[in-house]
>>> print(open('start-v1.tsv').read())   # TSV, C-alpha atoms and all ligand atoms
chain	number	residue	atom	x	y	z
A	4	MET	CA	21.76	124.93	-4.22
A	5	LEU	CA	18.38	125.73	-2.71
A	6	GLU	CA	15.25	124.63	-4.57
A	7	ILE	CA	13.38	127.77	-3.43
A	8	ARG	CA	9.98	126.14	-2.97
A	9	PRO	CA	6.95	128.24	-3.93
A	10	ILE	CA	4.55	127.85	-0.97
A	11	CYS	CA	4.35	127.31	2.78
A	12	GLU	CA	4.16	123.56	3.30
A	13	ASN	CA	1.65	123.99	6.15
A	14	CYS	CA	-0.81	126.69	5.04
A	15	GLY	CA	-0.14	126.97	1.31
A	16	LYS	CA	0.71	130.67	1.41
A	17	ASP	CA	2.62	131.86	-1.66
A	18	LEU	CA	6.30	132.34	-0.94
A	19	PRO	CA	7.83	133.73	-4.14
A	20	PRO	CA	11.62	133.71	-4.49
A	21	ASP	CA	11.85	137.31	-3.26
A	22	SER	CA	9.63	136.70	-0.22
A	23	THR	CA	10.98	137.98	3.08
A	24	GLU	CA	8.60	135.68	4.98
A	25	ALA	CA	9.95	132.34	3.79
A	26	MET	CA	11.71	130.20	6.39
A	27	ILE	CA	13.57	126.91	5.81
A	28	CYS	CA	15.18	124.07	7.79
A	29	THR	CA	18.45	122.40	6.75
A	30	PHE	CA	16.48	120.03	4.50
A	31	GLU	CA	14.70	123.02	2.99
A	32	CYS	CA	11.29	122.21	4.40
A	33	THR	CA	9.66	125.58	3.72
A	34	PHE	CA	7.17	127.53	5.83
A	35	CYS	CA	5.91	131.10	6.19
A	36	ALA	CA	7.09	133.15	9.17
A	37	ASP	CA	3.56	133.14	10.57
A	38	CYS	CA	3.42	129.35	10.76
A	39	VAL	CA	6.96	129.14	12.14
A	40	ASN	CA	6.18	131.57	14.95
A	41	ASN	CA	2.60	130.68	15.81
A	42	VAL	CA	2.15	127.03	14.84
A	43	LEU	CA	5.55	125.35	14.68
A	44	HIS	CA	7.32	127.33	17.44
A	45	ASN	CA	10.52	127.06	15.43
A	46	VAL	CA	10.38	123.26	15.27
A	47	CYS	CA	10.35	121.73	11.80
A	48	PRO	CA	7.56	119.11	11.81
A	49	ASN	CA	9.56	116.83	9.51
A	50	CYS	CA	12.99	116.82	11.15
A	51	GLY	CA	12.68	118.61	14.49
A	52	GLY	CA	15.29	121.21	13.54
A	53	GLY	CA	15.03	124.98	13.67
A	54	LEU	CA	14.03	127.24	10.81
A	55	GLU	CA	15.85	130.30	9.46
A	56	LYS	CA	14.96	133.01	7.00
A	57	ARG	CA	15.45	131.85	3.40
A	58	PRO	CA	17.97	133.99	1.53
A	59	VAL	CA	16.87	135.75	-1.65
A	60	ARG	CA	18.68	134.75	-4.84
A	61	PRO	CA	19.72	137.74	-6.97
A	62	GLY	CA	17.33	138.28	-9.89
A	63	VAL	CA	19.94	137.79	-12.59
A	64	LEU	CA	20.89	134.39	-11.14
A	65	LEU	CA	17.27	133.43	-10.64
A	66	LYS	CA	16.90	133.52	-14.43
A	67	LYS	CA	19.82	131.14	-14.84
A	68	TYR	CA	18.90	128.96	-11.83
A	69	PRO	CA	15.12	129.21	-11.55
A	70	ALA	CA	13.09	128.48	-8.41
A	71	GLU	CA	11.11	125.28	-7.92
A	72	THR	CA	7.49	125.54	-9.16
A	73	GLU	CA	5.99	122.31	-7.86
A	74	LYS	CA	3.81	123.01	-4.83
A	75	LEU	CA	4.32	120.76	-1.83
A	76	LEU	CA	1.43	121.08	0.63
A	77	LYS	CA	1.56	118.84	3.69
A	78	THR	CA	-0.58	120.48	6.34
A	79	VAL	CA	0.79	119.63	9.76
A	80	ASN	CA	-1.23	117.22	11.88
A	81	LEU	CA	-1.18	119.27	15.06
A	82	LYS	CA	-2.06	116.35	17.29
A	83	SER	CA	0.82	114.12	16.29
A	84	PHE	CA	3.19	117.10	15.92
A	85	ALA	CA	2.57	118.26	19.50
A	86	VAL	CA	4.97	115.67	20.95
A	87	LEU	CA	7.89	116.67	18.71
A	88	ARG	CA	7.13	120.38	19.14
A	89	ASP	CA	6.90	120.30	22.93
A	90	LYS	CA	10.06	118.21	23.19
A	91	ASN	CA	12.05	120.75	21.15
A	92	LYS	CA	10.53	124.20	21.40
A	93	HIS	CA	12.45	125.21	24.51
A	94	ILE	CA	15.77	123.87	23.22
A	95	GLU	CA	17.93	126.06	20.97
A	96	PRO	CA	18.24	124.47	17.51
A	97	SER	CA	22.02	124.31	18.00
A	98	ASP	CA	21.46	122.05	21.03
A	99	ARG	CA	18.86	119.71	19.56
A	101	ZN	ZN	2.25	129.07	6.53
A	102	ZN	ZN	13.02	119.89	8.37
>>> encode(input="start-v1.tsv", output="structure tokens")
Amino acid sequence: MLEIRPICENCGKDLPPDSTEAMICTFECTFCADCVNNVLHNVCPNCGGGLEKRPVRPGVLLKKYPAETEKLLKTVNLKSFAVLRDKNKHIEPSDR
């Protein structure tokens, strides 16, 4: 079950459970679409995998299985991330 984290890990933007901008990797590292497209180039800075749109949990189930509230902010160090990003950004996530 997804934690549904509340903010973008890189820029801190609010990503409520019904957000259509939230993107996640397979480990559920969570970023906004803006960061994924313009900063990360679809490379997760933690695992190197691709990111996909986070599904929205139906409201009635969100009450029973609430979203995570703890905010995890870990702004990407662009200098050290550049190596991982440039190695992966031209490779489809399914081929990484
Ligand atoms: Zn962001
Ligand atoms: Zn990841």
>>> closest_atom_pairs(input="start-v1.tsv", of="chain A", to="ligand ZN 102 (chain A)", cutoff="10 Å", atoms="all atoms listed in the file", output="CSV")
residue,atom,partner,partner_atom,distance
A:Ile27,CA,A:ZN102,ZN,7.5
A:Cys28,CA,A:ZN102,ZN,4.7
A:Thr29,CA,A:ZN102,ZN,6.2
A:Phe30,CA,A:ZN102,ZN,5.2
A:Glu31,CA,A:ZN102,ZN,6.4
A:Cys32,CA,A:ZN102,ZN,4.9
A:Thr33,CA,A:ZN102,ZN,8.1
A:Phe34,CA,A:ZN102,ZN,10.0
A:Val46,CA,A:ZN102,ZN,8.1
A:Cys47,CA,A:ZN102,ZN,4.7
A:Pro48,CA,A:ZN102,ZN,6.5
A:Asn49,CA,A:ZN102,ZN,4.8
A:Cys50,CA,A:ZN102,ZN,4.1
A:Gly51,CA,A:ZN102,ZN,6.3
A:Gly52,CA,A:ZN102,ZN,5.8
A:Gly53,CA,A:ZN102,ZN,7.6
A:Leu54,CA,A:ZN102,ZN,7.8
>>> residues_near_ligand(input="start-v1.tsv", ligand="ligand ZN 101 (chain A)", cutoff="12 Å", atoms="all atoms listed in the file", output="ChimeraX atom specification")
/A:9-18,24-27,32-43,75-79
>>> atom_distance(input="start-v1.tsv", atom1="CA of Ser97 in chain A", atom2="CA of Met4 in chain A")
22.2 Å
>>> atom_distance(input="start-v1.tsv", atom1="CA of Gly62 in chain A", atom2="CA of Pro20 in chain A")
9.1 Å
>>> closest_residue(input="start-v1.tsv", among="A:Ala70, A:Leu5, A:Leu87, A:Ile94", to="Pro19 in chain A", atoms="only C-alpha atoms")
A:Ala70
>>> atom_distance(input="start-v1.tsv", atom1="CA of Thr72 in chain A", atom2="CA of Arg88 in chain A")
28.8 Å
>>> closest_residue(input="start-v1.tsv", among="A:Arg8, A:His44, A:Lys82, A:Arg99", to="Pro69 in chain A", atoms="all atoms listed in the file")
A:Arg8
>>> closest_residue(input="start-v1.tsv", among="A:Glu73, A:Glu6, A:Pro96, A:Val86", to="Glu55 in chain A", atoms="only C-alpha atoms")
A:Pro96
